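*Asks:* Structure file final_34.pdb (PDB, C-alpha atoms) is given on the next line.
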```pdb
ATOM      1  CA  GLN A 632     216.511 -49.276  94.552
ATOM      2  CA  VAL A 633     217.841 -52.744  93.854
ATOM      3  CA  GLN A 634     221.557 -53.458  94.221
ATOM      4  CA  LEU A 635     223.289 -56.180  92.230
ATOM      5  CA  VAL A 636     226.488 -58.120  92.877
ATOM      6  CA  GLU A 637     227.880 -60.485  90.242
ATOM      7  CA  SER A 638     230.220 -63.397  90.801
ATOM      8  CA  GLY A 639     231.523 -66.423  88.948
ATOM      9  CA  GLY A 640     233.670 -64.879  86.260
ATOM     10  CA  GLY A 641     237.151 -66.112  85.495
ATOM     11  CA  SER A 642     239.517 -67.477  82.877
ATOM     12  CA  VAL A 643     238.800 -70.712  81.064
ATOM     13  CA  GLN A 644     239.879 -72.507  77.936
ATOM     14  CA  ALA A 645     237.668 -72.705  74.880
ATOM     15  CA  GLY A 646     235.028 -75.403  75.118
ATOM     16  CA  ARG A 647     234.690 -75.161  78.902
ATOM     17  CA  SER A 648     231.828 -73.811  80.975
ATOM     18  CA  LEU A 649     231.238 -71.090  83.537
ATOM     19  CA  ARG A 650     228.253 -70.116  85.628
ATOM     20  CA  LEU A 651     227.721 -66.498  86.556
ATOM     21  CA  SER A 652     225.597 -65.511  89.535
ATOM     22  CA  CYS A 653     224.028 -62.204  90.440
ATOM     23  CA  GLU A 654     222.523 -61.612  93.848
ATOM     24  CA  ALA A 655     220.058 -58.789  94.315
ATOM     25  CA  SER A 656     219.187 -56.856  97.443
ATOM     26  CA  GLY A 657     217.351 -53.744  98.483
ATOM     27  CA  ASP A 658     214.031 -54.291  96.741
ATOM     28  CA  THR A 659     211.490 -56.970  95.820
ATOM     29  CA  PHE A 660     213.377 -59.262  93.455
ATOM     30  CA  SER A 661     210.296 -60.625  91.702
ATOM     31  CA  ASP A 662     209.296 -57.095  90.648
ATOM     32  CA  TYR A 663     212.199 -57.125  88.191
ATOM     33  CA  ALA A 664     212.955 -58.944  85.023
ATOM     34  CA  MET A 665     216.648 -59.847  85.112
ATOM     35  CA  GLY A 666     219.285 -60.188  82.474
ATOM     36  CA  TRP A 667     222.901 -60.185  81.431
ATOM     37  CA  PHE A 668     224.729 -57.837  79.095
ATOM     38  CA  ARG A 669     228.350 -58.057  78.035
ATOM     39  CA  GLN A 670     230.948 -55.696  76.675
ATOM     40  CA  SER A 671     234.207 -56.529  74.947
ATOM     41  CA  PRO A 672     237.006 -53.962  74.527
ATOM     42  CA  GLY A 673     236.123 -51.525  71.782
ATOM     43  CA  GLN A 674     232.669 -53.032  71.324
ATOM     44  CA  GLU A 675     229.188 -51.862  72.159
ATOM     45  CA  ARG A 676     227.527 -53.345  75.214
ATOM     46  CA  GLU A 677     225.104 -56.039  74.091
ATOM     47  CA  LEU A 678     222.268 -58.009  75.598
ATOM     48  CA  VAL A 679     223.097 -61.677  76.134
ATOM     49  CA  ALA A 680     220.005 -63.047  77.854
ATOM     50  CA  ALA A 681     217.049 -61.942  79.937
ATOM     51  CA  VAL A 682     214.407 -63.732  82.001
ATOM     52  CA  SER A 683     210.956 -62.668  83.102
ATOM     53  CA  TRP A 684     209.882 -61.921  86.660
ATOM     54  CA  ARG A 685     209.091 -65.493  87.689
ATOM     55  CA  GLY A 686     211.366 -67.202  85.176
ATOM     56  CA  GLY A 687     208.638 -68.340  82.809
ATOM     57  CA  ARG A 688     210.027 -66.638  79.714
ATOM     58  CA  SER A 689     213.560 -66.006  78.559
ATOM     59  CA  HIS A 690     215.171 -64.225  75.651
ATOM     60  CA  TYR A 691     218.610 -64.848  74.151
ATOM     61  CA  ALA A 692     220.911 -63.119  71.742
ATOM     62  CA  ASP A 693     221.652 -65.203  68.656
ATOM     63  CA  SER A 694     225.235 -65.637  69.862
ATOM     64  CA  ALA A 695     223.980 -67.215  73.103
ATOM     65  CA  LYS A 696     221.239 -69.490  71.796
ATOM     66  CA  GLY A 697     221.974 -73.156  72.369
ATOM     67  CA  ARG A 698     225.020 -72.460  74.559
ATOM     68  CA  PHE A 699     223.865 -70.182  77.385
ATOM     69  CA  PHE A 700     220.986 -70.679  79.796
ATOM     70  CA  ILE A 701     219.545 -68.020  82.066
ATOM     71  CA  SER A 702     217.606 -68.910  85.186
ATOM     72  CA  ARG A 703     216.526 -67.310  88.435
ATOM     73  CA  ASP A 704     215.754 -68.409  91.959
ATOM     74  CA  ASN A 705     213.410 -65.892  93.534
ATOM     75  CA  SER A 706     213.801 -67.541  96.947
ATOM     76  CA  LYS A 707     217.506 -66.624  96.816
ATOM     77  CA  ASN A 708     217.149 -63.290  94.991
ATOM     78  CA  THR A 709     219.632 -64.606  92.456
ATOM     79  CA  VAL A 710     219.849 -64.878  88.686
ATOM     80  CA  TYR A 711     222.270 -67.219  86.931
ATOM     81  CA  LEU A 712     223.869 -67.465  83.527
ATOM     82  CA  GLN A 713     225.141 -70.925  82.634
ATOM     83  CA  MET A 714     227.599 -70.606  79.766
ATOM     84  CA  ASP A 715     228.679 -73.742  77.932
ATOM     85  CA  SER A 716     230.927 -74.317  74.932
ATOM     86  CA  LEU A 717     232.669 -71.011  75.533
ATOM     87  CA  ASN A 718     234.820 -69.568  72.775
ATOM     88  CA  PRO A 719     237.262 -66.621  72.692
ATOM     89  CA  GLU A 720     234.546 -64.379  71.220
ATOM     90  CA  ASP A 721     232.713 -64.691  74.547
ATOM     91  CA  THR A 722     235.528 -62.833  76.297
ATOM     92  CA  ALA A 723     233.966 -59.741  77.866
ATOM     93  CA  VAL A 724     232.868 -58.068  81.047
ATOM     94  CA  TYR A 725     229.440 -59.448  81.911
ATOM     95  CA  PHE A 726     226.932 -57.178  83.644
ATOM     96  CA  CYS A 727     223.851 -58.196  85.549
ATOM     97  CA  VAL A 728     220.853 -55.921  84.991
ATOM     98  CA  ALA A 729     217.479 -55.507  86.668
ATOM     99  CA  ASP A 730     214.534 -53.737  85.097
ATOM    100  CA  PRO A 731     210.763 -54.004  85.520
ATOM    101  CA  LEU A 732     210.287 -53.977  81.729
ATOM    102  CA  ASP A 733     209.216 -57.126  79.878
ATOM    103  CA  PRO A 734     212.403 -58.800  78.566
ATOM    104  CA  LEU A 735     210.844 -58.870  75.114
ATOM    105  CA  HIS A 736     211.484 -55.105  74.939
ATOM    106  CA  TRP A 737     214.924 -54.958  76.504
ATOM    107  CA  GLN A 738     216.932 -54.938  73.284
ATOM    108  CA  ASN A 739     215.021 -52.092  71.663
ATOM    109  CA  THR A 740     214.803 -50.073  74.864
ATOM    110  CA  PHE A 741     218.528 -50.354  75.585
ATOM    111  CA  ALA A 742     219.305 -49.338  72.009
ATOM    112  CA  ARG A 743     217.235 -46.200  72.538
ATOM    113  CA  ILE A 744     218.228 -45.078  76.037
ATOM    114  CA  LYS A 745     221.538 -46.928  76.611
ATOM    115  CA  TYR A 746     222.803 -46.792  80.181
ATOM    116  CA  HIS A 747     219.685 -45.052  81.462
ATOM    117  CA  PHE A 748     218.129 -48.481  81.135
ATOM    118  CA  GLY A 749     217.896 -50.652  84.226
ATOM    119  CA  THR A 750     220.048 -51.029  87.299
ATOM    120  CA  TRP A 751     223.509 -52.425  86.655
ATOM    121  CA  GLY A 752     225.934 -54.522  88.637
ATOM    122  CA  GLN A 753     229.636 -53.744  88.645
ATOM    123  CA  GLY A 754     230.461 -56.456  86.109
ATOM    124  CA  THR A 755     232.528 -59.615  86.169
ATOM    125  CA  GLN A 756     235.298 -60.487  83.721
ATOM    126  CA  VAL A 757     235.100 -63.633  81.605
ATOM    127  CA  THR A 758     238.192 -64.545  79.597
ATOM    128  CA  VAL A 759     238.214 -67.486  77.197
ATOM    129  CA  SER A 760     241.512 -68.615  75.726
ATOM    130  CA  SER A 761     241.918 -70.723  72.629
TER
END
```
So that I can check it, write out the structure of this file as structure tokens.
*Replies:*
Amino acid sequence: QVQLVESGGGSVQAGRSLRLSCEASGDTFSDYAMGWFRQSPGQERELVAAVSWRGGRSHYADSAKGRFFISRDNSKNTVYLQMDSLNPEDTAVYFCVADPLDPLHWQNTFARIKYHFGTWGQGTQVTVSS
């Protein structure tokens, strides 16, 4: 079973950038597609971005397109989320997720099975002030 530890969250002003990191251990990292979800208070948890096993394909939520970039370094067992042009609507707890499923199917699968999907990190808080 893979274990995930996120880092890199914090408080920033609107327009600034943050980079989240998630380090995996306990299993073969390249067996998993990796991604990031987020959850704001009172809101449903939503997929932000996901990347395929070797990083060749990525998928983004509409809210992340053009501002966020997901990448992975399989030699370091780490996935990253570069977040630029942050705005207050990006304020949320961000969760790293690992799942063997093709990222193309993550959104629909999570909608169907919710938190039975994937292996989750503990989350890291991102707060964006205006």
*Asks:* Do you have the CA of Ala645 in chain A-CA of Leu717 in chain A distance handy?
*Replies:*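 Taking CA of Ala645 in chain A and CA of Leu717 in chain A, their separation equals 5.3 Å.
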*Asks:* Show me the residues around (211.0, -55.6, 82.6) - criterion: an atom at most 9 Å away, all atoms listed in the file counted - as a list in words.
*Replies:*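 Output: Asp662, Tyr663, Ala664, Met665, Val682, Ser683, Trp684, Ala729, Asp730, Pro731, Leu732, Asp733, Pro734, Leu735, His736, Trp737 and Gly749 of chain A.
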*Asks:* Quick one: residues within 6 Å of Phe726 in chain A, all atoms listed in the file, excluding same-chain residues fewer than 2 positions away - as a VMD selection string?
*Replies:* chain A and resid 667 to 669 752 754
*Asks:* Keeping C-alpha atoms, export the residues of the selection given above as a PDB file, keeping the file's coordinate frame.
*Replies:*
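Result written to again-v4.pdb:
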```pdb
ATOM      1  CA  TRP A 667     222.901 -60.185  81.431  1.00  0.00           C
ATOM      2  CA  PHE A 668     224.729 -57.837  79.095  1.00  0.00           C
ATOM      3  CA  ARG A 669     228.350 -58.057  78.035  1.00  0.00           C
ATOM      4  CA  GLY A 752     225.934 -54.522  88.637  1.00  0.00           C
ATOM      5  CA  GLY A 754     230.461 -56.456  86.109  1.00  0.00           C
TER       6      GLY A 754
END
```
*Asks:* Would you list the residues near (225.9, -54.1, 74.3) (no more than 12 Å away, in the coordinates of the file, using all atoms listed in the file) as JSON, numbers by chain?
*Replies:* {"A": [667, 668, 669, 670, 671, 672, 673, 674, 675, 676, 677, 678, 679, 680, 692, 723, 724, 725, 726, 728, 737, 738, 739, 740, 741, 742, 743, 744, 745, 746, 748]}
*Asks:* Please compute the CA of Asn705 in chain A-CA of Asp658 in chain A distance, one decimal, in Å.
*Replies:*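 Those two atoms sit 12.1 Å apart.
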*Asks:* At a cut-off of 10 Å, using all atoms listed in the file, what residues contact Gln632 in chain A? Leave out same-chain residues fewer than 6 positions from it and give the result as a list in words.
*Replies:*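 After dropping sequence-adjacent residues, the list is Ser656, Gly657, Asp658, Thr659 and Thr750 of chain A.
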*Asks:* Check the smallest atom-to-atom distance from each of A:Val633, A:Val759, A:Leu649, A:Ala655 to Asp704 in chain A using only C-alpha atoms, then report the winner.
*Replies:*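 Ranked by minimum distance to Asp704 in chain A, first place goes to A:Ala655.
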*Asks:* Expanded to explicit residues, what is the PyMOL selection byres ((chain A and resi 637) around 8) for this file, as a ChimeraX atom specification?
*Replies:* /A:635-636,638-639,651-654,726-727,752-755
*Asks:* I need the residues from that last selection saved to file as a PDB file, in the frame of the given file (with C-alpha atoms), if you can.
*Replies:*
```pdb
ATOM      1  CA  LEU A 635     223.289 -56.180  92.230  1.00  0.00           C
ATOM      2  CA  VAL A 636     226.488 -58.120  92.877  1.00  0.00           C
ATOM      3  CA  SER A 638     230.220 -63.397  90.801  1.00  0.00           C
ATOM      4  CA  GLY A 639     231.523 -66.423  88.948  1.00  0.00           C
ATOM      5  CA  LEU A 651     227.721 -66.498  86.556  1.00  0.00           C
ATOM      6  CA  SER A 652     225.597 -65.511  89.535  1.00  0.00           C
ATOM      7  CA  CYS A 653     224.028 -62.204  90.440  1.00  0.00           C
ATOM      8  CA  GLU A 654     222.523 -61.612  93.848  1.00  0.00           C
ATOM      9  CA  PHE A 726     226.932 -57.178  83.644  1.00  0.00           C
ATOM     10  CA  CYS A 727     223.851 -58.196  85.549  1.00  0.00           C
ATOM     11  CA  GLY A 752     225.934 -54.522  88.637  1.00  0.00           C
ATOM     12  CA  GLN A 753     229.636 -53.744  88.645  1.00  0.00           C
ATOM     13  CA  GLY A 754     230.461 -56.456  86.109  1.00  0.00           C
ATOM     14  CA  THR A 755     232.528 -59.615  86.169  1.00  0.00           C
TER      15      THR A 755
END
```
*Asks:* Please write the residues picked by the PyMOL selection byres ((chain A and resi 646) around 7) on this file as a list in words.
*Replies:*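 Matching residues under the PyMOL selection byres ((chain A and resi 646) around 7) are Gln644, Ala645, Arg647, Ser648, Ser716, Leu717 and Asn718 of chain A.
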*Asks:* Just to confirm, what's the straight-line distance from CA of Asp693 in chain A to CA of Thr709 in chain A in Å (one decimal)?
*Replies:*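 We find that CA of Asp693 in chain A and CA of Thr709 in chain A lie 23.9 Å from each other.
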*Asks:* I need the output of the PyMOL selection byres ((chain A and resi 701) around 6) for this file as a list in words; which residues are they?
*Replies:*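 That selection, the PyMOL selection byres ((chain A and resi 701) around 6), comes back as Phe700, Ser702, Tyr711 and Leu712 of chain A.
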